[in-house]
Structures are given as C-alpha cells and as structure tokens.
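Chemist: This is the structure I have questions about; it appears just below.
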Amino acid sequence: AQKVTQAQTEISVVEKEDVTLDCVYETRDTTYYLFWYKQPPSGELVFLIRRNSFDEQNEISGRYSWNFQKSTSSFNFTITASQVVDSAVYFCALSEGEEEGGSEKLVFGKGTKLTVNP
Amino acid sequence: GAGVSQTPSNKVTEKGKYVELRCDPISGHTALYWYRQSLGQGPEFLIYFQGTGAADDSGLPNDRFFAVRPEGSVSTLKIQRTERGDSAMYLCASSLQGAGEQYFGPGTRLTVT
C-alpha cells in the first residue's frame with residue numbers, strides 16, 4: 001500500500017531563513033513517482049516537481065531544491081532564503097507506475113503549513 | 001493556455017439534495033482525476049478517467065457518488081442524497097497521457113447544511 005508521511009504539521013520561519021520540508025513515503029512498487037505541490041491561501045494546488053524512482057539526482061530550481069534518497073524513502077524539499085510569498089501549505093505526493101494497472105492516482109501526505117514572517 | 005476550470009466555485013445545498021460538479025480539463029489532456037480535500041488534510045483520490053472510461057473508481061466512498069466523462073473532455077461529479085459529511089473541497093486535475101504531472105483546478109467548495 002502507498003503512504004506518504006509529512007511529519008511536520010506547521011513550520012514558522014523568519015524571512016531569509018532556509019527551511020526543509022520532510023517527506024517519507026512507502027510503496028511496494030519499483031517504479032513510482034514523487035511530487036511536491038504548493039497550496040497558497042488562494043487554495044489552488046500548484047505543481048512544483050515530479051521525480052521518478054530511477055532518478056536520484058538532486059534537483060535545484062532557483063531557491064527550491066529537492067533531495068531524493070531511496071535508501072531512506074525520503075524526498076525532502078528545501079527553500080533557500082525564504083520569502084513571505086513562500087507561505088503556503090506544501091504537499092508531498094506519490095503515484096505508482098502504470099504497470100499492473102496503476103492509474104497514476106496521487107496519494108498525498110497531510111501537508112506542511114509553512115509561514116514565513118517578515 | 002487555459003488551465004483546468006471547475007464550476008461552480010461554491011455550492012451550498014441542503015442535506016438530501018442532489019448536486020453536480022463540473023470540471024473542464026486542459027485541452028488535449030486525456031487523463032482526468034477527481035479528488036476531495038477536507039479541511040487540514042491532503043487531497044484524497046476519488047476517480048480517474050482515461051478518455052471516456054473510468055479506469056479507477058476505487059476512491060468513491062459509496063454509491064451516492066458517480067462521475068461521467070461522456071465525450072472524453074468535460075467531466076461531471078454527481079452526488080445523490082447529500083450528507084453533511086460530504087462537505088469538502090472537490091478538486092479536479094488533468095494530465096497528458098503518461099506524463100504524470102497533474103494540473104489542478106481551483107476546486108468547488110461544497111457545503112451541505
């Protein structure tokens with residue numbers, strides 16, 4: 001069974017601090033995909049990144065970076081030099097591959113609410 | 001281009017009534033998903049369409065919930081005999097076949113009084 005755990009319910013930081021959001025996942029499949037989404041106060045989920053299980057390279061996009069470690073089943077997300085506009089709920093999600101009838105449905109964690117204070 | 005759109009943005013209904021929620025996916029996206037999000041929780045999967053057919057409806061909570069996508073584009077989520085526990089944000093997402101990235105609409109907030 002698939003499961004995503006985001007142990008941090010809420011995090012509060014001061015602007016310009018770096019912050020890491022943790023994500024731990026469980027799956028029996030060898031092919032799977034990991035995602036991060038941002039849900040700002042406006043409510044609409046915004047896609048940030050998709051990573052497949054065969055690509056463990058870390059990814060950097062501007063102030064955002066992701067660290068994927070299969071050995072610990074983790075896909076952590078770091079925001080460098082945080083800004084007030086980064087305040088949102090961040091969700092980590094998992095989908096299994098299409099083999100054996102997988103539908104690519106996303107299984108989400110409960111989310112981490114990040115507040116960046118000026 | 002236009003993103004996923006959902007109508008209405010808000011729906012208030014009385015317990016026992018029937019409601020329909022509409023989703024218009026991104027043009028060309030063959031895969032369409034419905035999720036439900038309760039306050040303080042992550043979205044939970046309801047149903048997945050590939051084209052016109054429901055490929056996975058394992059997330060529908062009971063037989064009061066039904067969804068259609070007759071022409072492989074717009075989808076309607078239908079809820080019969082609504083209950084107060086159905087109150088939630090209903091999210092729709094679409095993706096290119098095999099691409100995996102799901103793009104979400106703004107959601108319909110359903111309140112059952």
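Identifiers in the structure tokens: chain A, B, ... in order shown; residue index from 1 per chain; ligand index from 1 in order shown.
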Counting only C-alpha atoms, collect the residues of chain B whose closest atom lies at most 8 Å from chain A, and write them out as a ChimeraX atom specification.

Modeler: /B:33,40-45,48,55-56,100-107

Chemist: Write out the residues from the selection above, keeping N, CA and C atoms, as a compact mmCIF listing (two decimals), in the first residue's frame.

Modeler:
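Once written, result_9.txt looks like this:
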# COMPACT_ATOMS: atom_id res chain seq x y z
N TYR B 33 -8.82 13.45 -13.23
CA TYR B 33 -8.93 12.92 -11.87
C TYR B 33 -9.85 13.80 -11.04
N GLY B 40 -7.65 20.87 6.45
CA GLY B 40 -6.48 20.42 7.17
C GLY B 40 -5.90 19.10 6.70
N GLN B 41 -6.44 18.58 5.59
CA GLN B 41 -5.98 17.30 5.07
C GLN B 41 -5.46 17.44 3.65
N GLY B 42 -4.73 16.43 3.21
CA GLY B 42 -4.34 16.39 1.82
C GLY B 42 -5.49 15.90 0.95
N PRO B 43 -5.44 16.17 -0.34
CA PRO B 43 -6.48 15.67 -1.24
C PRO B 43 -6.52 14.14 -1.23
N GLU B 44 -7.73 13.60 -1.34
CA GLU B 44 -7.92 12.15 -1.40
C GLU B 44 -8.53 11.78 -2.74
N PHE B 45 -7.98 10.78 -3.36
CA PHE B 45 -8.40 10.34 -4.68
C PHE B 45 -9.82 9.80 -4.66
N TYR B 48 -10.60 8.21 -11.51
CA TYR B 48 -9.68 8.55 -12.59
C TYR B 48 -10.31 8.11 -13.92
N ALA B 55 -11.22 4.50 -15.39
CA ALA B 55 -10.19 3.47 -15.28
C ALA B 55 -9.98 3.02 -13.84
N ASP B 56 -10.32 3.87 -12.90
CA ASP B 56 -10.14 3.54 -11.48
C ASP B 56 -11.13 4.36 -10.67
N GLY B 100 2.09 12.18 -16.32
CA GLY B 100 2.12 12.11 -14.88
C GLY B 100 1.90 13.38 -14.12
N GLU B 101 2.30 14.51 -14.68
CA GLU B 101 2.10 15.74 -13.91
C GLU B 101 0.63 16.11 -13.97
N GLN B 102 0.03 16.21 -12.83
CA GLN B 102 -1.39 16.54 -12.77
C GLN B 102 -1.54 18.02 -12.43
N TYR B 103 -2.35 18.68 -13.23
CA TYR B 103 -2.61 20.10 -13.04
C TYR B 103 -4.01 20.26 -12.50
N PHE B 104 -4.09 20.98 -11.39
CA PHE B 104 -5.34 21.07 -10.65
C PHE B 104 -6.12 22.33 -10.97
N GLY B 105 -7.44 22.19 -10.89
CA GLY B 105 -8.32 23.34 -10.99
C GLY B 105 -8.46 24.01 -9.63
N PRO B 106 -9.23 25.09 -9.58
CA PRO B 106 -9.39 25.85 -8.34
C PRO B 106 -10.31 25.19 -7.33
N GLY B 107 -11.05 24.18 -7.77
CA GLY B 107 -11.90 23.45 -6.84
C GLY B 107 -13.31 23.99 -6.73

Chemist: What residues in chain A get the DSSP label strand (DSSP E or B)? Please answer as a PyMOL selection string.

Modeler: chain A and resi 3-5+10-14+19-21+24-26+32-39+46-52+59-61+64-69+74-79+88-96+107-108+112-117

Chemist: Fewer than 4 positions away in the same chain doesn't count, so skip those; otherwise give me all residues within 12 Å of Thr113 of chain B, counting only C-alpha atoms, as a list in words.

Modeler: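 Surrounding residues, per the criterion: Lys11, Val12, Thr13, Glu14, Lys15, Gly16, Lys17, Thr82, Glu83, Arg84, Gly85, Asp86 and Ser87 of chain B.
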
Chemist: Let's have the selection written as a compact mmCIF listing (two decimals), in the first residue's frame, with N, CA, C and O atoms.

Modeler:
# COMPACT_ATOMS: atom_id res chain seq x y z
N LYS B 11 -20.78 25.79 -3.73
CA LYS B 11 -22.12 25.23 -3.81
C LYS B 11 -22.61 24.94 -2.40
O LYS B 11 -21.95 24.21 -1.65
N VAL B 12 -23.73 25.54 -2.07
CA VAL B 12 -24.36 25.25 -0.78
C VAL B 12 -25.66 24.53 -1.07
O VAL B 12 -26.47 24.98 -1.89
N THR B 13 -25.86 23.41 -0.42
CA THR B 13 -27.06 22.62 -0.66
C THR B 13 -27.57 22.05 0.65
O THR B 13 -26.85 21.99 1.65
N GLU B 14 -28.82 21.65 0.64
CA GLU B 14 -29.41 21.07 1.83
C GLU B 14 -29.19 19.57 1.85
O GLU B 14 -29.16 18.91 0.79
N LYS B 15 -29.10 19.05 3.02
CA LYS B 15 -28.97 17.60 3.20
C LYS B 15 -30.07 16.88 2.43
O LYS B 15 -31.23 17.28 2.46
N GLY B 16 -29.66 15.84 1.69
CA GLY B 16 -30.62 15.05 0.93
C GLY B 16 -30.77 15.46 -0.52
O GLY B 16 -31.34 14.72 -1.32
N LYS B 17 -30.23 16.62 -0.88
CA LYS B 17 -30.35 17.09 -2.26
C LYS B 17 -29.28 16.46 -3.15
O LYS B 17 -28.30 15.88 -2.69
N THR B 82 -27.19 14.08 -0.66
CA THR B 82 -26.02 14.61 0.02
C THR B 82 -26.17 14.55 1.54
O THR B 82 -27.27 14.68 2.09
N GLU B 83 -25.03 14.36 2.17
CA GLU B 83 -24.95 14.32 3.64
C GLU B 83 -23.97 15.40 4.10
O GLU B 83 -23.12 15.84 3.34
N ARG B 84 -24.09 15.79 5.38
CA ARG B 84 -23.22 16.85 5.88
C ARG B 84 -21.75 16.46 5.78
O ARG B 84 -20.88 17.29 5.56
N GLY B 85 -21.48 15.18 5.89
CA GLY B 85 -20.11 14.68 5.78
C GLY B 85 -19.52 14.80 4.38
O GLY B 85 -18.31 14.61 4.21
N ASP B 86 -20.35 15.13 3.39
CA ASP B 86 -19.84 15.33 2.03
C ASP B 86 -19.24 16.72 1.87
O ASP B 86 -18.61 17.01 0.84
N SER B 87 -19.44 17.58 2.83
CA SER B 87 -18.90 18.94 2.75
C SER B 87 -17.38 18.88 2.67
O SER B 87 -16.72 18.27 3.52

Chemist: When you count only C-alpha atoms, which of these residues is closest to Leu21 of chain A: A:Gln39, A:Gln69, A:Thr115, A:Gln6?

Modeler: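 Smallest separation from Leu21 of chain A among the options: A:Gln6.
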
Chemist: Fewer than 3 positions away in the same chain doesn't count, so skip those; otherwise give me all residues within 8 Å of Asp22 of chain A, counting only C-alpha atoms, as a PyMOL selection string.

Modeler: chain A and resi 6-8+74-77

Chemist: Find the spatial neighbours of Thr108 of chain B, counting only C-alpha atoms, within a cut-off of 12 Å - ignore same-chain residues fewer than 5 positions away - and output them as a list in words.

Modeler: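 Selected residues are Gly43 and Glu44 of chain A; Ser5, Gln6, Thr7, Pro8, Ser9, Asn10, Lys11, Val12, Val19, Glu20, Leu21, Arg22, Cys23, Trp34, Tyr35, Arg36, Gln37, Ser38, Thr76, Leu77, Ser87, Ala88, Met89, Tyr90, Leu91 and Cys92 of chain B.
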